[in-house]
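Listing of upload_39.tsv; format and content: TSV, C-alpha atoms.
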```
chain	number	residue	atom	x	y	z
A	1	MET	CA	164.17	31.77	182.97
A	2	GLY	CA	164.22	30.30	179.51
A	3	ARG	CA	163.40	31.87	176.20
A	4	MET	CA	160.27	29.73	175.86
A	5	THR	CA	158.96	31.06	179.18
A	6	ILE	CA	159.44	34.63	177.97
A	7	LEU	CA	157.69	33.74	174.72
A	8	TRP	CA	154.72	32.27	176.63
A	9	VAL	CA	154.52	35.39	178.83
A	10	ALA	CA	154.51	37.57	175.70
A	11	ILE	CA	151.82	35.45	174.00
A	12	GLY	CA	149.73	35.53	177.17
A	13	GLY	CA	150.20	39.30	177.42
A	14	ALA	CA	148.95	39.75	173.88
A	15	ILE	CA	145.89	37.63	174.63
A	16	GLY	CA	145.20	39.49	177.87
A	17	SER	CA	145.58	42.89	176.22
A	18	ALA	CA	143.16	41.92	173.46
A	19	LEU	CA	140.66	40.69	176.06
A	20	ARG	CA	141.05	43.95	178.00
A	21	TYR	CA	140.36	45.95	174.84
A	22	LEU	CA	137.27	43.89	174.00
A	23	THR	CA	135.99	44.18	177.58
A	24	SER	CA	136.46	47.95	177.52
A	25	LEU	CA	134.57	48.21	174.21
A	26	ALA	CA	131.71	46.12	175.58
A	27	ALA	CA	131.54	48.21	178.76
A	28	LEU	CA	131.53	51.41	176.74
A	29	ARG	CA	128.64	50.16	174.59
A	30	LEU	CA	126.65	48.79	177.52
A	31	LEU	CA	127.35	51.36	180.23
A	32	GLY	CA	128.39	54.54	178.42
A	33	ALA	CA	131.42	56.79	178.54
A	34	GLY	CA	130.76	58.82	181.69
A	35	PHE	CA	132.79	56.53	183.98
A	36	PRO	CA	135.76	54.18	183.36
A	37	TRP	CA	133.64	51.03	183.73
A	38	GLY	CA	135.82	48.95	181.42
A	39	THR	CA	138.90	49.39	183.57
A	40	ALA	CA	136.96	48.73	186.77
A	41	ILE	CA	135.42	45.54	185.35
A	42	VAL	CA	138.79	44.31	184.11
A	43	ASN	CA	140.50	44.95	187.45
A	44	VAL	CA	137.81	43.12	189.44
A	45	ALA	CA	137.53	40.20	187.00
A	46	GLY	CA	141.31	39.94	186.73
A	47	SER	CA	141.68	39.90	190.50
A	48	PHE	CA	139.04	37.16	190.77
A	49	ALA	CA	140.83	35.07	188.15
A	50	MET	CA	144.17	35.67	189.87
A	51	GLY	CA	142.69	34.35	193.10
A	52	LEU	CA	141.42	31.22	191.39
A	53	LEU	CA	144.71	30.55	189.63
A	54	ALA	CA	146.84	31.30	192.70
A	55	VAL	CA	145.06	28.56	194.59
A	56	LEU	CA	144.58	26.06	191.76
A	57	LEU	CA	148.08	26.30	190.29
A	58	LEU	CA	150.26	27.25	193.22
A	59	GLU	CA	148.51	25.85	196.30
A	60	LYS	CA	146.49	22.82	195.21
A	61	ALA	CA	148.50	21.56	192.25
A	62	GLY	CA	151.87	22.82	193.47
A	63	ASP	CA	152.71	23.27	189.82
A	64	ALA	CA	153.73	26.74	188.69
A	65	ARG	CA	154.56	25.78	185.09
A	66	LEU	CA	151.47	27.52	183.69
A	67	SER	CA	151.69	30.58	185.92
A	68	PRO	CA	154.00	32.60	183.62
A	69	PHE	CA	151.55	32.20	180.73
A	70	LEU	CA	148.28	32.50	182.67
A	71	MET	CA	149.11	34.76	185.61
A	72	THR	CA	151.96	36.95	184.37
A	73	GLY	CA	151.00	36.88	180.70
A	74	ILE	CA	147.24	36.78	180.28
A	75	LEU	CA	146.25	38.38	183.58
A	76	GLY	CA	149.16	40.83	183.46
A	77	GLY	CA	147.99	41.97	180.04
A	78	PHE	CA	144.33	41.94	181.09
A	79	THR	CA	144.44	43.87	184.36
A	80	THR	CA	145.09	47.53	184.03
A	81	PHE	CA	146.30	49.38	187.07
A	82	SER	CA	148.28	51.75	184.88
A	83	ALA	CA	145.04	52.56	183.09
A	84	PHE	CA	143.39	52.77	186.51
A	85	SER	CA	145.84	55.49	187.51
A	86	LEU	CA	145.29	57.41	184.29
A	87	ASP	CA	141.50	57.15	184.60
A	88	THR	CA	141.72	58.47	188.17
A	89	VAL	CA	143.78	61.48	187.11
A	90	ARG	CA	141.41	62.14	184.22
A	91	LEU	CA	138.42	62.13	186.56
A	92	VAL	CA	140.17	64.63	188.85
A	93	GLU	CA	141.29	66.80	185.95
A	94	SER	CA	137.77	66.83	184.50
A	95	GLY	CA	136.41	68.24	187.75
A	96	GLN	CA	135.10	64.97	189.19
A	97	PRO	CA	137.20	64.46	192.33
A	98	VAL	CA	134.37	62.74	194.22
A	99	SER	CA	133.94	60.24	191.38
A	100	ALA	CA	137.72	59.69	191.47
A	101	VAL	CA	137.59	58.83	195.17
A	102	TYR	CA	134.68	56.42	194.64
A	103	TYR	CA	136.51	54.90	191.70
A	104	ILE	CA	139.69	54.35	193.74
A	105	ALA	CA	137.92	52.95	196.80
A	106	GLY	CA	135.49	50.81	194.80
A	107	SER	CA	138.11	49.39	192.45
A	108	VAL	CA	140.54	48.50	195.22
A	109	ALA	CA	137.94	47.09	197.62
A	110	LEU	CA	136.11	45.08	194.94
A	111	SER	CA	139.35	43.76	193.42
A	112	ILE	CA	140.57	42.51	196.80
A	113	ALA	CA	137.15	41.04	197.57
A	114	ALA	CA	137.05	39.34	194.15
A	115	LEU	CA	140.51	37.86	194.69
A	116	MET	CA	139.47	36.52	198.08
A	117	LEU	CA	136.25	35.13	196.59
A	118	GLY	CA	138.20	33.43	193.82
A	119	MET	CA	140.57	31.91	196.36
A	120	GLY	CA	137.68	30.76	198.52
A	121	ILE	CA	135.88	29.13	195.61
A	122	ALA	CA	139.07	27.44	194.41
A	123	ARG	CA	139.84	26.18	197.92
A	124	SER	CA	136.36	24.70	198.23
A	125	TRP	CA	136.90	22.55	195.15
A	126	ALA	CA	138.20	19.31	196.58
```

So, in terms of structure tokens, how does the structure I just supplied come out?
Amino acid sequence: MGRMTILWVAIGGAIGSALRYLTSLAALRLLGAGFPWGTAIVNVAGSFAMGLLAVLLLEKAGDARLSPFLMTGILGGFTTFSAFSLDTVRLVESGQPVSAVYYIAGSVALSIAALMLGMGIARSWA
């Protein structure tokens, strides 16, 4: 792995992190602070985008040159399973264990479904 690849991953990570922050702010303003909507939205959207890119870059194009920047960098900085874990613990610690269970199940199921949908859409593009 070359230095330029690492640089592109770092640049992508910065972009993805900024996008995650902006998405979380928008979710907070639109949906309120009672539930970690920002993290859930980011995880589902990031999984969808990962599905699209996995097919378009790796399967259809057979060209992984952009994957360090787009998949590892941008999407790695954008998706937030570490924040997901923290949000889950915070829900439990704040006396909302049922919400924590719904959050876990919903985030995981919707993220996997979004990834599969992204892959399906990308595969249908001929």

*asked:* Using only C-alpha atoms, can you tell me which of A:Met1, A:Ala49, A:Leu31, A:Val89 comes closest to Ala114 (chain A)?
replied: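 Among A:Met1, A:Ala49, A:Leu31, A:Val89, it is A:Ala49 that comes nearest to Ala114 (chain A).
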
*Contacts of Leu86 (chain A) at 12 Å or less, counting all atoms listed in the file, minus same-chain residues fewer than 6 places along, as JSON, numbers by chain?*
{"A": [36, 39, 80, 92, 93, 100, 103, 104]}

*Atomic separation - CA of Ala33 (chain A) relative to CA of Ala83 (chain A), Å*: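 It comes out at 15.0 Å.
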
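Minimum atom-to-atom distance to Gly34 (chain A), evaluated using all atoms listed in the file, belongs to A:Gln96 out of A:Gln96, A:Ala54, A:Leu70, A:Ser124.
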
*Between A:Arg3, A:Gly73, A:Ala122, A:Gly16, which has the minimum distance to Leu52 (chain A) (counting only C-alpha atoms)?*
A:Ala122

_Proximity to Ser99 (chain A) - best of A:Trp37, A:Val42, A:Ser17, A:Leu7, all atoms listed in the file_ =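 Selected residue with least distance to Ser99 (chain A): A:Trp37.
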
Which centre and which edge lengths, in Å to one decimal, describe the axis-aligned box that holds all listed atoms of region 66-69 of chain A after 3 Å is added on each side, as JSON?
```
{"center_x": 152.7, "center_y": 30.1, "center_z": 183.3, "size_x": 8.5, "size_y": 11.1, "size_z": 11.2}
```

*So which residues fall inside 10 Å of (152.7, 26.6, 179.8) if we count all atoms listed in the file? Mind giving them as an NGL selection string?*
:A and (4-5 or 8-9 or 12 or 64-70)

*Could you tell me, as a list in words, which residues have any atom at most 12 Å from (139.8, 28.2, 196.0), counting only C-alpha atoms?*
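It turns out the residues near that spot are Phe48, Ala49, Met50, Gly51, Leu52, Leu53, Ala54, Val55, Leu56, Leu57, Leu58, Glu59, Lys60, Ala61, Ala114, Leu115, Met116, Leu117, Gly118, Met119, Gly120, Ile121, Ala122, Arg123, Ser124, Trp125 and Ala126 of chain A.
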
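The space separating CA of Thr23 (chain A) from CA of Pro97 (chain A) comes to 25.1 Å.
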
*Ser111 (chain A): which residues within 6 Å, counting all atoms listed in the file, same-chain residues fewer than 3 positions away excluded, as a list of chain:residue names?*
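Once the nearby chain positions are removed, what remains is A:Val44, A:Ser47, A:Ser107, A:Val108, A:Ala114.
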
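You will find CA of Leu22 (chain A) at 18.4 Å from CA of Ala10 (chain A).
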
Return region 45-56 of chain A, completed with N, CA, C and O atoms, as a PDB file, keeping the file's coordinate frame.
```pdb
ATOM      1  N   ALA A  45     137.523  41.539 187.604  1.00  0.00           N
ATOM      2  CA  ALA A  45     137.530  40.200 187.000  1.00  0.00           C
ATOM      3  C   ALA A  45     138.933  39.599 187.004  1.00  0.00           C
ATOM      4  O   ALA A  45     139.110  38.403 187.285  1.00  0.00           O
ATOM      5  N   GLY A  46     139.935  40.418 186.713  1.00  0.00           N
ATOM      6  CA  GLY A  46     141.310  39.940 186.730  1.00  0.00           C
ATOM      7  C   GLY A  46     141.755  39.517 188.121  1.00  0.00           C
ATOM      8  O   GLY A  46     142.465  38.516 188.276  1.00  0.00           O
ATOM      9  N   SER A  47     141.337  40.259 189.123  1.00  0.00           N
ATOM     10  CA  SER A  47     141.680  39.900 190.500  1.00  0.00           C
ATOM     11  C   SER A  47     141.006  38.591 190.908  1.00  0.00           C
ATOM     12  O   SER A  47     141.604  37.753 191.576  1.00  0.00           O
ATOM     13  N   PHE A  48     139.750  38.414 190.492  1.00  0.00           N
ATOM     14  CA  PHE A  48     139.040  37.160 190.770  1.00  0.00           C
ATOM     15  C   PHE A  48     139.772  35.987 190.121  1.00  0.00           C
ATOM     16  O   PHE A  48     140.043  34.966 190.769  1.00  0.00           O
ATOM     17  N   ALA A  49     140.115  36.138 188.858  1.00  0.00           N
ATOM     18  CA  ALA A  49     140.830  35.070 188.150  1.00  0.00           C
ATOM     19  C   ALA A  49     142.185  34.794 188.779  1.00  0.00           C
ATOM     20  O   ALA A  49     142.609  33.640 188.882  1.00  0.00           O
ATOM     21  N   MET A  50     142.873  35.846 189.215  1.00  0.00           N
ATOM     22  CA  MET A  50     144.170  35.670 189.870  1.00  0.00           C
ATOM     23  C   MET A  50     144.007  34.859 191.152  1.00  0.00           C
ATOM     24  O   MET A  50     144.831  33.989 191.465  1.00  0.00           O
ATOM     25  N   GLY A  51     142.952  35.129 191.891  1.00  0.00           N
ATOM     26  CA  GLY A  51     142.690  34.350 193.100  1.00  0.00           C
ATOM     27  C   GLY A  51     142.462  32.884 192.803  1.00  0.00           C
ATOM     28  O   GLY A  51     143.003  32.005 193.478  1.00  0.00           O
ATOM     29  N   LEU A  52     141.651  32.606 191.788  1.00  0.00           N
ATOM     30  CA  LEU A  52     141.420  31.220 191.390  1.00  0.00           C
ATOM     31  C   LEU A  52     142.719  30.519 191.004  1.00  0.00           C
ATOM     32  O   LEU A  52     143.023  29.429 191.480  1.00  0.00           O
ATOM     33  N   LEU A  53     143.486  31.175 190.133  1.00  0.00           N
ATOM     34  CA  LEU A  53     144.710  30.550 189.630  1.00  0.00           C
ATOM     35  C   LEU A  53     145.776  30.405 190.721  1.00  0.00           C
ATOM     36  O   LEU A  53     146.512  29.422 190.735  1.00  0.00           O
ATOM     37  N   ALA A  54     145.849  31.377 191.618  1.00  0.00           N
ATOM     38  CA  ALA A  54     146.840  31.300 192.700  1.00  0.00           C
ATOM     39  C   ALA A  54     146.614  30.043 193.530  1.00  0.00           C
ATOM     40  O   ALA A  54     147.562  29.352 193.903  1.00  0.00           O
ATOM     41  N   VAL A  55     145.352  29.743 193.796  1.00  0.00           N
ATOM     42  CA  VAL A  55     145.060  28.560 194.590  1.00  0.00           C
ATOM     43  C   VAL A  55     145.194  27.290 193.745  1.00  0.00           C
ATOM     44  O   VAL A  55     145.853  26.332 194.150  1.00  0.00           O
ATOM     45  N   LEU A  56     144.591  27.274 192.572  1.00  0.00           N
ATOM     46  CA  LEU A  56     144.580  26.060 191.760  1.00  0.00           C
ATOM     47  C   LEU A  56     145.967  25.664 191.272  1.00  0.00           C
ATOM     48  O   LEU A  56     146.318  24.486 191.298  1.00  0.00           O
TER      49      LEU A  56
END
```
